[in-house]
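J.: As input, take upload-v3.pdb (PDB, C-alpha atoms):
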MODEL        1
ATOM      1  CA  MET A 287       3.466 -75.475 -27.529  1.00  0.00           C
ATOM      2  CA  SER A 288       5.395 -75.262 -24.340  1.00  0.00           C
ATOM      3  CA  GLU A 289       3.310 -75.138 -21.189  1.00  0.00           C
ATOM      4  CA  HIS A 290       2.805 -71.647 -19.829  1.00  0.00           C
ATOM      5  CA  LYS A 291       2.102 -70.853 -16.204  1.00  0.00           C
ATOM      6  CA  ILE A 292      -1.146 -69.118 -15.272  1.00  0.00           C
ATOM      7  CA  GLY A 293      -0.531 -65.367 -15.421  1.00  0.00           C
ATOM      8  CA  GLU A 294       2.358 -65.668 -17.889  1.00  0.00           C
ATOM      9  CA  GLN A 295       2.276 -63.369 -20.944  1.00  0.00           C
ATOM     10  CA  TRP A 296       4.084 -63.746 -24.287  1.00  0.00           C
ATOM     11  CA  VAL A 297       3.909 -62.477 -27.874  1.00  0.00           C
ATOM     12  CA  GLU A 298       2.818 -64.721 -30.733  1.00  0.00           C
ATOM     13  CA  GLU A 299       1.819 -64.127 -34.356  1.00  0.00           C
ATOM     14  CA  ILE A 300      -1.907 -64.494 -35.111  1.00  0.00           C
ATOM     15  CA  ASP A 301      -3.251 -63.749 -38.603  1.00  0.00           C
ATOM     16  CA  GLY A 302       0.001 -62.027 -39.569  1.00  0.00           C
ATOM     17  CA  LYS A 303       0.087 -59.654 -36.553  1.00  0.00           C
ATOM     18  CA  GLN A 304       1.926 -59.847 -33.249  1.00  0.00           C
ATOM     19  CA  HIS A 305      -0.476 -60.362 -30.324  1.00  0.00           C
ATOM     20  CA  MET A 306       0.046 -60.467 -26.572  1.00  0.00           C
ATOM     21  CA  LEU A 307      -1.279 -63.746 -25.144  1.00  0.00           C
ATOM     22  CA  LYS A 308      -1.820 -64.686 -21.516  1.00  0.00           C
ATOM     23  CA  ALA A 309      -2.525 -67.985 -19.748  1.00  0.00           C
ATOM     24  CA  VAL A 310      -5.557 -67.417 -17.500  1.00  0.00           C
ATOM     25  CA  ASP A 311      -7.607 -69.550 -15.117  1.00  0.00           C
ATOM     26  CA  SER A 312     -10.236 -71.705 -16.777  1.00  0.00           C
ATOM     27  CA  THR A 313     -13.519 -73.047 -15.527  1.00  0.00           C
ATOM     28  CA  TYR A 314     -13.174 -76.078 -17.793  1.00  0.00           C
ATOM     29  CA  ASN A 315     -14.483 -74.000 -20.679  1.00  0.00           C
ATOM     30  CA  CYS A 316     -12.558 -73.133 -23.826  1.00  0.00           C
ATOM     31  CA  ASN A 317     -14.649 -70.059 -24.721  1.00  0.00           C
ATOM     32  CA  GLY A 318     -12.371 -67.056 -24.876  1.00  0.00           C
ATOM     33  CA  CYS A 319      -9.236 -68.867 -26.032  1.00  0.00           C
ATOM     34  CA  ALA A 320      -6.910 -67.090 -28.454  1.00  0.00           C
ATOM     35  CA  TYR A 321      -7.225 -70.029 -30.834  1.00  0.00           C
ATOM     36  CA  LEU A 322     -10.926 -69.665 -31.673  1.00  0.00           C
ATOM     37  CA  CYS A 323     -12.186 -69.421 -35.221  1.00  0.00           C
ATOM     38  CA  ASP A 324     -14.380 -66.558 -36.463  1.00  0.00           C
ATOM     39  CA  ASN A 325     -17.686 -67.853 -35.096  1.00  0.00           C
ATOM     40  CA  GLY A 326     -16.444 -67.845 -31.486  1.00  0.00           C
ATOM     41  CA  LYS A 327     -16.145 -71.609 -31.169  1.00  0.00           C
ATOM     42  CA  CYS A 328     -13.028 -73.708 -30.800  1.00  0.00           C
ATOM     43  CA  SER A 329     -11.521 -74.351 -34.225  1.00  0.00           C
ATOM     44  CA  HIS A 330     -10.236 -77.825 -33.248  1.00  0.00           C
ATOM     45  CA  GLU A 331     -12.332 -80.925 -33.800  1.00  0.00           C
ATOM     46  CA  SER A 332     -11.127 -82.672 -30.660  1.00  0.00           C
ATOM     47  CA  ILE A 333      -9.306 -81.826 -27.473  1.00  0.00           C
ATOM     48  CA  ILE A 334      -6.386 -83.918 -28.738  1.00  0.00           C
ATOM     49  CA  GLU A 335      -5.829 -81.426 -31.597  1.00  0.00           C
ATOM     50  CA  CYS A 336      -5.842 -78.396 -29.283  1.00  0.00           C
ATOM     51  CA  PRO A 337      -2.338 -76.853 -29.142  1.00  0.00           C
ATOM     52  CA  VAL A 338      -2.905 -75.394 -25.670  1.00  0.00           C
ATOM     53  CA  TYR A 339      -5.191 -77.845 -23.882  1.00  0.00           C
ATOM     54  CA  ARG A 340      -4.872 -77.738 -20.120  1.00  0.00           C
ATOM     55  CA  ILE A 341      -7.652 -78.441 -17.727  1.00  0.00           C
ATOM     56  CA  ASP A 342      -6.758 -75.414 -15.559  1.00  0.00           C
ATOM     57  CA  ALA A 343      -6.031 -72.690 -18.124  1.00  0.00           C
ATOM     58  CA  ILE A 344      -7.021 -71.127 -21.415  1.00  0.00           C
ATOM     59  CA  ILE A 345      -5.002 -68.761 -23.588  1.00  0.00           C
ATOM     60  CA  ARG A 346      -6.466 -65.246 -23.731  1.00  0.00           C
ATOM     61  CA  ASP A 347      -5.618 -62.881 -26.595  1.00  0.00           C
ATOM     62  CA  LEU A 348      -4.962 -59.474 -24.978  1.00  0.00           C
ATOM     63  CA  GLY A 349      -4.675 -57.826 -28.395  1.00  0.00           C
ATOM     64  CA  PRO A 350      -2.149 -56.652 -30.956  1.00  0.00           C
ATOM     65  CA  VAL A 351       1.145 -55.140 -29.874  1.00  0.00           C
ATOM     66  CA  ASN A 352       3.303 -52.560 -31.646  1.00  0.00           C
ATOM     67  CA  LYS A 353       6.863 -53.184 -32.878  1.00  0.00           C
ATOM     68  CA  GLU A 354       8.193 -52.583 -29.342  1.00  0.00           C
ATOM     69  CA  GLY A 355       5.838 -55.191 -27.853  1.00  0.00           C
ATOM     70  CA  LEU A 356       3.482 -52.699 -26.159  1.00  0.00           C
ATOM     71  CA  LEU A 357      -0.284 -53.166 -25.869  1.00  0.00           C
ATOM     72  CA  PRO A 358      -2.473 -50.166 -26.777  1.00  0.00           C
ATOM     73  CA  CYS A 359      -4.143 -47.906 -24.214  1.00  0.00           C
ATOM     74  CA  PRO A 360      -7.328 -49.576 -22.936  1.00  0.00           C
ATOM     75  CA  PHE A 361      -9.142 -46.208 -23.064  1.00  0.00           C
ATOM     76  CA  CYS A 362      -8.228 -44.642 -26.431  1.00  0.00           C
ATOM     77  CA  GLY A 363      -6.546 -47.497 -28.344  1.00  0.00           C
ATOM     78  CA  ASP A 364      -3.362 -45.549 -29.109  1.00  0.00           C
ATOM     79  CA  PHE A 365       0.020 -47.030 -28.310  1.00  0.00           C
ATOM     80  CA  PRO A 366       2.245 -45.538 -25.590  1.00  0.00           C
ATOM     81  CA  THR A 367       5.822 -44.411 -26.109  1.00  0.00           C
ATOM     82  CA  ILE A 368       9.039 -45.549 -24.490  1.00  0.00           C
ATOM     83  CA  LYS A 369      11.082 -42.683 -23.103  1.00  0.00           C
ATOM     84  CA  GLU A 370      14.838 -43.005 -22.623  1.00  0.00           C
ATOM     85  CA  GLU A 371      16.919 -40.651 -20.511  1.00  0.00           C
ATOM     86  CA  LEU A 372      20.284 -40.742 -18.790  1.00  0.00           C
ATOM     87  CA  ASP A 373      20.531 -41.016 -15.025  1.00  0.00           C
ATOM     88  CA  GLU A 374      23.157 -39.253 -12.881  1.00  0.00           C
ATOM     89  CA  ASN A 375      25.723 -41.928 -13.890  1.00  0.00           C
ATOM     90  CA  ASP A 376      25.013 -41.447 -17.624  1.00  0.00           C
ATOM     91  CA  GLU A 377      23.291 -44.838 -17.785  1.00  0.00           C
ATOM     92  CA  SER A 378      20.082 -45.258 -19.781  1.00  0.00           C
ATOM     93  CA  ILE A 379      16.826 -45.397 -17.871  1.00  0.00           C
ATOM     94  CA  TYR A 380      13.434 -46.103 -19.451  1.00  0.00           C
ATOM     95  CA  SER A 381       9.782 -45.353 -18.843  1.00  0.00           C
ATOM     96  CA  VAL A 382       6.638 -46.235 -20.775  1.00  0.00           C
ATOM     97  CA  GLU A 383       4.333 -43.224 -20.924  1.00  0.00           C
ATOM     98  CA  HIS A 384       0.936 -42.446 -22.372  1.00  0.00           C
ATOM     99  CA  GLU A 385      -1.540 -39.604 -22.086  1.00  0.00           C
ATOM    100  CA  CYS A 386      -5.041 -39.403 -23.528  1.00  0.00           C
ATOM    101  CA  GLU A 387      -8.313 -37.687 -22.617  1.00  0.00           C
ATOM    102  CA  ALA A 388      -9.163 -40.466 -20.163  1.00  0.00           C
ATOM    103  CA  VAL A 389      -5.919 -41.054 -18.294  1.00  0.00           C
ATOM    104  CA  VAL A 390      -2.213 -40.345 -17.835  1.00  0.00           C
ATOM    105  CA  ILE A 391      -0.177 -43.519 -17.317  1.00  0.00           C
ATOM    106  CA  THR A 392       3.536 -44.007 -16.659  1.00  0.00           C
ATOM    107  CA  THR A 393       5.480 -47.053 -15.523  1.00  0.00           C
ATOM    108  CA  GLY A 394       8.097 -45.016 -13.691  1.00  0.00           C
ATOM    109  CA  TRP A 395      11.811 -45.133 -14.491  1.00  0.00           C
ATOM    110  CA  ASN A 396      13.832 -48.343 -14.658  1.00  0.00           C
ATOM    111  CA  HIS A 397      17.271 -49.347 -15.958  1.00  0.00           C
ATOM    112  CA  ASP A 398      15.730 -52.318 -17.770  1.00  0.00           C
ATOM    113  CA  LYS A 399      13.692 -51.441 -20.878  1.00  0.00           C
ATOM    114  CA  GLN A 400      11.962 -54.835 -20.968  1.00  0.00           C
ATOM    115  CA  GLU A 401      10.814 -54.479 -17.353  1.00  0.00           C
ATOM    116  CA  CYS A 402       9.085 -51.208 -18.296  1.00  0.00           C
ATOM    117  CA  ILE A 403       7.389 -52.890 -21.266  1.00  0.00           C
ATOM    118  CA  ASP A 404       6.278 -55.788 -19.058  1.00  0.00           C
ATOM    119  CA  ALA A 405       4.932 -53.381 -16.408  1.00  0.00           C
ATOM    120  CA  TRP A 406       2.827 -51.579 -19.022  1.00  0.00           C
ATOM    121  CA  ASN A 407       1.476 -54.807 -20.505  1.00  0.00           C
ATOM    122  CA  ARG A 408       0.574 -56.314 -17.087  1.00  0.00           C
ATOM    123  CA  ARG A 409      -1.968 -53.575 -16.399  1.00  0.00           C
ATOM    124  CA  ASN A 410      -4.647 -55.731 -18.130  1.00  0.00           C
TER
ENDMDL
END
As structure tokens, how would this structure be written, given the file I've shared?
T.:
Amino acid sequence: MSEHKIGEQWVEEIDGKQHMLKAVDSTYNCNGCAYLCDNGKCSHESIIECPVYRIDAIIRDLGPVNKEGLLPCPFCGDFPTIKEELDENDESIYSVEHECEAVVITTGWNHDKQECIDAWNRRN
């Protein structure tokens, strides 16, 4: 595994599904890593086998993402939608939007679709 900076997010397949992972600060404790087995303990027999070992970070699983790479709403669990419109110069602009009983969330409009996706996913 390449070394990720603290705060960095990326998508990786876990158990056949795409998940958003994030490198987060560690207190020298591996509990909470994305690479745990079912009983909540590290699934590696030694620190040498750990694919992500760093003394300052662990890898947190933020959850599954949809085909567009979006995390679900933290309140209702549904996935948001990406809206595309044309600006005054007929160039595409994008926004990630979601509405549920608990909240209305929008990333605002941007010419870069990936920046909108990243803005939505950073809310965690």
J.: List as a VMD selection string the protein and nucleic acid residues near A:Glu354, meaning an atom at most 10 Å away when only C-alpha atoms are counted, but skip any in the same chain fewer than 6 places from it.
T.: chain A and resid 365 to 368 400 403
J.: Using only C-alpha atoms, pick whichever of A:Ile292, A:Lys353, A:Asp364, A:Leu307 has the shortest atom-to-atom distance to A:Ala388.
T.: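 Looking at the shortest contact to A:Ala388, the residue is A:Asp364.
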J.: Using all atoms of stretch 360-369 of chain A listed in the file and a margin of 8 Å per side, can you give the axis-aligned box centre and edge lengths in Å to one decimal, as lines of an AutoDock Vina configuration file?
T.:
center_x = 1.0
center_y = -46.1
center_z = -26.0
size_x = 36.2
size_y = 22.9
size_z = 22.2
J.: Excluding A:Cys402 and residues on its chain fewer than 6 positions from it, collect all residues at most 7 Å away from it, counting only C-alpha atoms, and give them as a list in words.
T.: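 Using only C-alpha atoms, the neighbours found are Tyr380, Ser381, Val382, Thr393 and Asn396 of chain A.
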J.: Given the choices A:Pro350, A:Ile379, A:Lys369, A:Phe361, which gets closest to A:Gly302 if the distance is worked out from all atoms listed in the file?
T.: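 Answer, going by the shortest atom-to-atom distance: A:Pro350.
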J.: Which one of A:Gly349, A:Gly355, A:Gly363, A:Gly293 sits closest to A:Glu385 if you count only C-alpha atoms?
T.: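 With only C-alpha atoms as the atom set, the closest residue is A:Gly363.
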J.: For A:Lys308, which residue out of A:Arg408, A:Val390, A:Glu401, A:Val351 is the nearest one, using all atoms listed in the file?
T.: A:Arg408
J.: Counting all atoms listed in the file, which residue out of A:His397, A:Ile345, A:Asp301, A:Trp296 sits closest to A:Leu372?
T.: A:His397
J.: What does the distance from atom CA of A:Asp398 to atom CA of A:Gln304 come to in Å, to one decimal?
T.: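 Between atom CA of A:Asp398 and atom CA of A:Gln304 the gap works out to 22.1 Å.
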J.: Point out the residue among A:Lys303, A:Glu294, A:Trp395, A:Leu348 with the least atom-to-atom distance to A:Asp373, counting only C-alpha atoms.
T.: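 Closest residue, counting only C-alpha atoms: A:Trp395.
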J.: May I ask for the distance between atom CA of A:Asn352 and atom CA of A:Gln295, given in Å to one decimal place?
T.: 15.2 Å
J.: Report, in Å to a single decimal, how far apart atom CA of A:Ala309 and atom CA of A:Leu357 are.
T.: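 About the pair atom CA of A:Leu357 and atom CA of A:Ala309: they are 16.2 Å apart.
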